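A.B. asks: Structure provided below as C-alpha cells; questions to follow.
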Amino acid sequence: MKRILVTGGAGFIGSHLCERLLNDGNEVICIDNYFTGSKSNVIHLLENPYFELIRHDVTHPYFIEVDEIYNLACPASPVHYQFNSIKTIKTSVMGAINMLGLAKRIKARVLQASTSEVYGDPEIHPQKESYWGNVNPIGIRSCYDEGKRCAESLFFNYHQQNNVDIKVIRIFNTYGPRMNPNDGRVVSNFIVQALKGEDITIFGDGQQTRSFQYVDDLIEGMIRMMNSRNDFHGPVNIGNPNEFTMLELAEQVIELTNSKSKLTYLPLPADDPTQRQPDITLAKKELNNWEPTVQLREGLTKTIEFFDNLLKNPK
Ligand code: NAD
Ligand code: UDP
C-alpha cells in the first residue's frame, strides 16, 4: 500500500483518480481549496478509512509524508481560470514549487497534470511532444497556458538540479461524469443545454476541432505514467486522437439526448485554438501500449446519464 497525495482531488479528474487509487489498495490524501471542485465529488469516498480530505490551497506549502504526489490543483475551464487570472498563475507556479519542494524533501515521485494548452493554437497537426507550441503570452488564455508551461519548466529544472523524481503528462480535452454543470466547457455546456431544451451555444462557426477523451482512459494513462520506468519523465500526451468539430459534437449530443434544442452562434473567444489532436505514439511506446478504449458515443452516453440524474436530483 502506498500513501498518495492528490492535489485538486475534489475536482472532476481528481475525484476519479482518488477513487481509482483507493480501489487499487492505496491510502489517499486529497487536498483542495474547493474553487471549482466540491466535497460532493468525493463524498462517497469519505467513509473509506484510507481516504482523507483536507481543505488547503496549494499556493501555500504543505507538509506530509507520502510516496507519490499527483499535482492536479488548477481550474481547467476557461471561464473559471479567467475569473481570477493572477490566482490561476499563482496556483500553477507556486503550487508546482510547493509540491516539488515537498517531493524533494521527502523523496517522493511527483506527477504534473500539464495540458495540451501548452501547444497554444498549434501550427503542427497532430501535436507531438517535441512541438514547442504557439501561445500568446499576453492573451486571455495565457494565465493558464503560461502558468502550465512555467510549471513544466519548474518540474524539469527541479529534476535536473535536485534530482527530483518527476513525471509530466499533457492532458487533452477530457470529459465524463462529475464535470461541474456550470463548468463552461463544451461537453458539459452542450449536454446540459440539450437536456434542458435550451439553445446549444456554438462559439464561432463551430468548425474548430477538439479530440475528446473519456475520463477513465485518462486515469489509466496517468497511473501508468506514474509507474513508468525510472528514467522516463515525459512530457507525454494523454488524449484520444479522434478529432471532431464543435458542430459534430453538438449533433451527437442532440441525437443522444433526443433533444429539440436548436443551435445558436456566439462570438469565438480570443485565442481559441482552431484545431487540436494528440499524437499518442510516445504514450503507446512508453506506457505499455496505453491507448484510449472509450469512444465519443459511449463516453457521451455515460456523461449524459450523469447530467440527467443531476438535473433531476440537484445537490
Ligand atoms: P477541475 O476544475 O474540476 O479540478 C481542479 C481542482 O483543483 C478543483 O477541485 C479545484 O477546487 C482545485 N483547485 C484549484 N485551485 C486550487 C488551489 N489553489 N489549491 C488547491 N486546490 C485548487 O478541473 P479538472 O478538469 O478536473 O482538471 C484537473 C487538472 O487537469 C488541472 O490541473 C487541469 O489543468 C488538468 N487538465 C484538465 C483537462 C481537462 O480536459 N479536463 C485538460 C488538460 C489538463
Ligand atoms: N465552445 C463552444 N460552446 C460552448 C463552450 C465552448 O462552442 O458553450 C467551444 C470553444 O470555443 C472551443 C471548444 O468548444 O473552441 C472547446 O472549449 P472548452 O472550453 O471545452 O475547452 P478548450 O478551449 O480549453 O479546449
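FYI, nothing fancy with the C-alpha cells labels: chains A, B, ... in order, residues from 1 per chain, ligands from 1 as they appear.
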Would you mind listing the residues within 6 Å of ligand 1, counting only C-alpha atoms and all ligand atoms, as a ChimeraX atom specification?

C.D. replies: /A:8-14,32-37,56-59,72-76,91,113-115,171-174

A.B. asks: Keeping N, CA and C atoms for every residue in the selection just given, could you write it to a file as a short mmCIF file (atom, residue, chain, number, x, y, z; two decimals), in the first residue's frame?

C.D. replies:
data_model
loop_
_atom_site.label_atom_id
_atom_site.label_comp_id
_atom_site.auth_asym_id
_atom_site.auth_seq_id
_atom_site.Cartn_x
_atom_site.Cartn_y
_atom_site.Cartn_z
N GLY A 8 -6.00 18.99 -5.80
CA GLY A 8 -7.14 19.17 -6.71
C GLY A 8 -7.99 17.90 -6.78
N GLY A 9 -7.91 17.10 -5.72
CA GLY A 9 -8.58 15.79 -5.72
C GLY A 9 -10.09 15.86 -5.62
N ALA A 10 -10.63 17.03 -5.27
CA ALA A 10 -12.10 17.15 -5.20
C ALA A 10 -12.68 17.70 -6.51
N GLY A 11 -11.83 17.79 -7.53
CA GLY A 11 -12.31 18.25 -8.84
C GLY A 11 -12.80 17.09 -9.68
N PHE A 12 -13.11 17.39 -10.92
CA PHE A 12 -13.64 16.37 -11.84
C PHE A 12 -12.65 15.21 -12.01
N ILE A 13 -11.46 15.48 -12.54
CA ILE A 13 -10.49 14.39 -12.77
C ILE A 13 -9.97 13.85 -11.45
N GLY A 14 -9.66 14.76 -10.52
CA GLY A 14 -9.09 14.36 -9.23
C GLY A 14 -9.96 13.36 -8.49
N ASP A 32 -7.60 20.25 -1.44
CA ASP A 32 -8.35 21.04 -2.41
C ASP A 32 -8.84 22.31 -1.73
N ASN A 33 -8.90 23.41 -2.48
CA ASN A 33 -9.45 24.64 -1.89
C ASN A 33 -10.91 24.86 -2.31
N TYR A 34 -11.49 23.90 -3.03
CA TYR A 34 -12.90 23.91 -3.45
C TYR A 34 -13.25 25.09 -4.36
N PHE A 35 -12.27 25.60 -5.10
CA PHE A 35 -12.61 26.70 -6.02
C PHE A 35 -13.54 26.19 -7.12
N THR A 36 -13.14 25.15 -7.80
CA THR A 36 -14.04 24.57 -8.81
C THR A 36 -14.46 23.15 -8.45
N GLY A 37 -13.82 22.57 -7.46
CA GLY A 37 -14.20 21.23 -7.01
C GLY A 37 -15.18 21.32 -5.86
N HIS A 56 -7.10 22.86 1.65
CA HIS A 56 -5.79 23.51 1.61
C HIS A 56 -5.60 24.13 0.23
N ASP A 57 -4.92 25.27 0.22
CA ASP A 57 -4.63 25.96 -1.04
C ASP A 57 -3.16 25.70 -1.39
N VAL A 58 -2.91 25.18 -2.60
CA VAL A 58 -1.53 24.77 -2.95
C VAL A 58 -0.57 25.95 -3.14
N THR A 59 -1.09 27.17 -3.13
CA THR A 59 -0.16 28.30 -3.19
C THR A 59 0.58 28.45 -1.86
N LEU A 72 -2.74 18.08 -9.42
CA LEU A 72 -3.83 18.43 -10.34
C LEU A 72 -4.47 19.78 -10.02
N ALA A 73 -4.12 20.39 -8.89
CA ALA A 73 -4.83 21.59 -8.46
C ALA A 73 -4.65 22.70 -9.49
N CYS A 74 -5.73 23.14 -10.08
CA CYS A 74 -5.75 24.28 -11.02
C CYS A 74 -7.11 24.27 -11.73
N PRO A 75 -7.80 25.40 -11.77
CA PRO A 75 -9.04 25.41 -12.55
C PRO A 75 -8.71 25.12 -14.02
N ALA A 76 -9.58 24.36 -14.71
CA ALA A 76 -9.25 23.91 -16.06
C ALA A 76 -10.14 24.51 -17.14
N THR A 91 -1.51 29.56 -8.71
CA THR A 91 -1.82 28.15 -8.43
C THR A 91 -0.88 27.24 -9.21
N ALA A 113 -0.02 17.37 -13.79
CA ALA A 113 -1.09 17.37 -14.79
C ALA A 113 -0.91 18.61 -15.65
N SER A 114 -0.12 18.47 -16.73
CA SER A 114 0.01 19.58 -17.67
C SER A 114 -1.10 19.44 -18.72
N THR A 115 -1.00 20.18 -19.78
CA THR A 115 -2.15 20.30 -20.67
C THR A 115 -1.74 20.46 -22.14
N ILE A 171 -2.43 16.58 -20.78
CA ILE A 171 -3.78 16.05 -20.92
C ILE A 171 -4.53 16.81 -22.02
N PHE A 172 -5.18 16.08 -22.92
CA PHE A 172 -6.04 16.69 -23.94
C PHE A 172 -7.49 16.63 -23.45
N ASN A 173 -8.36 17.47 -24.03
CA ASN A 173 -9.75 17.65 -23.56
C ASN A 173 -10.37 16.35 -23.03
N THR A 174 -10.71 16.38 -21.76
CA THR A 174 -11.25 15.19 -21.09
C THR A 174 -12.63 15.52 -20.52
#

A.B. asks: Compute the set of protein, DNA and RNA residues whose minimum atom distance to ligand 2 is at most 7 Å, using only C-alpha atoms and all ligand atoms, and state it as a list in words.

C.D. replies: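 Result of the 7 Å neighbour search around ligand 2: Ser77, Pro78, Asn173, Gly184, Arg185, Val186, Val187, Asn189, Phe190, Thr201, Ile202, Phe203, Gly204, Gly206, Gln208, Thr209, Arg210, Met246, Leu268, Pro269, Asp272, Pro273 and Thr274 of chain A.
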
A.B. asks: Please provide the set of residues having any atom within 10 Å of Val192 (chain A), restricted to only C-alpha atoms, with same-chain residues fewer than 5 positions apart removed, written as a VMD selection string.

C.D. replies: chain A and resid 181 to 182 186 to 187 197 to 198 200 253 257 304 307 to 308 310 to 311

A.B. asks: May I have the residues within 9 Å of Met222 (chain A) as a count of residues only, using only C-alpha atoms and disregarding those fewer than 4 positions away in the same chain?

C.D. replies: 9

A.B. asks: Could you pull out all residues of region 134-313 of chain A with a DSSP call of strand (DSSP E or B) and give them as a PyMOL selection string?

C.D. replies: chain A and resi 134+166-171+174-175+200-203+209-211+213-214+236-238+243-245+263-266+278
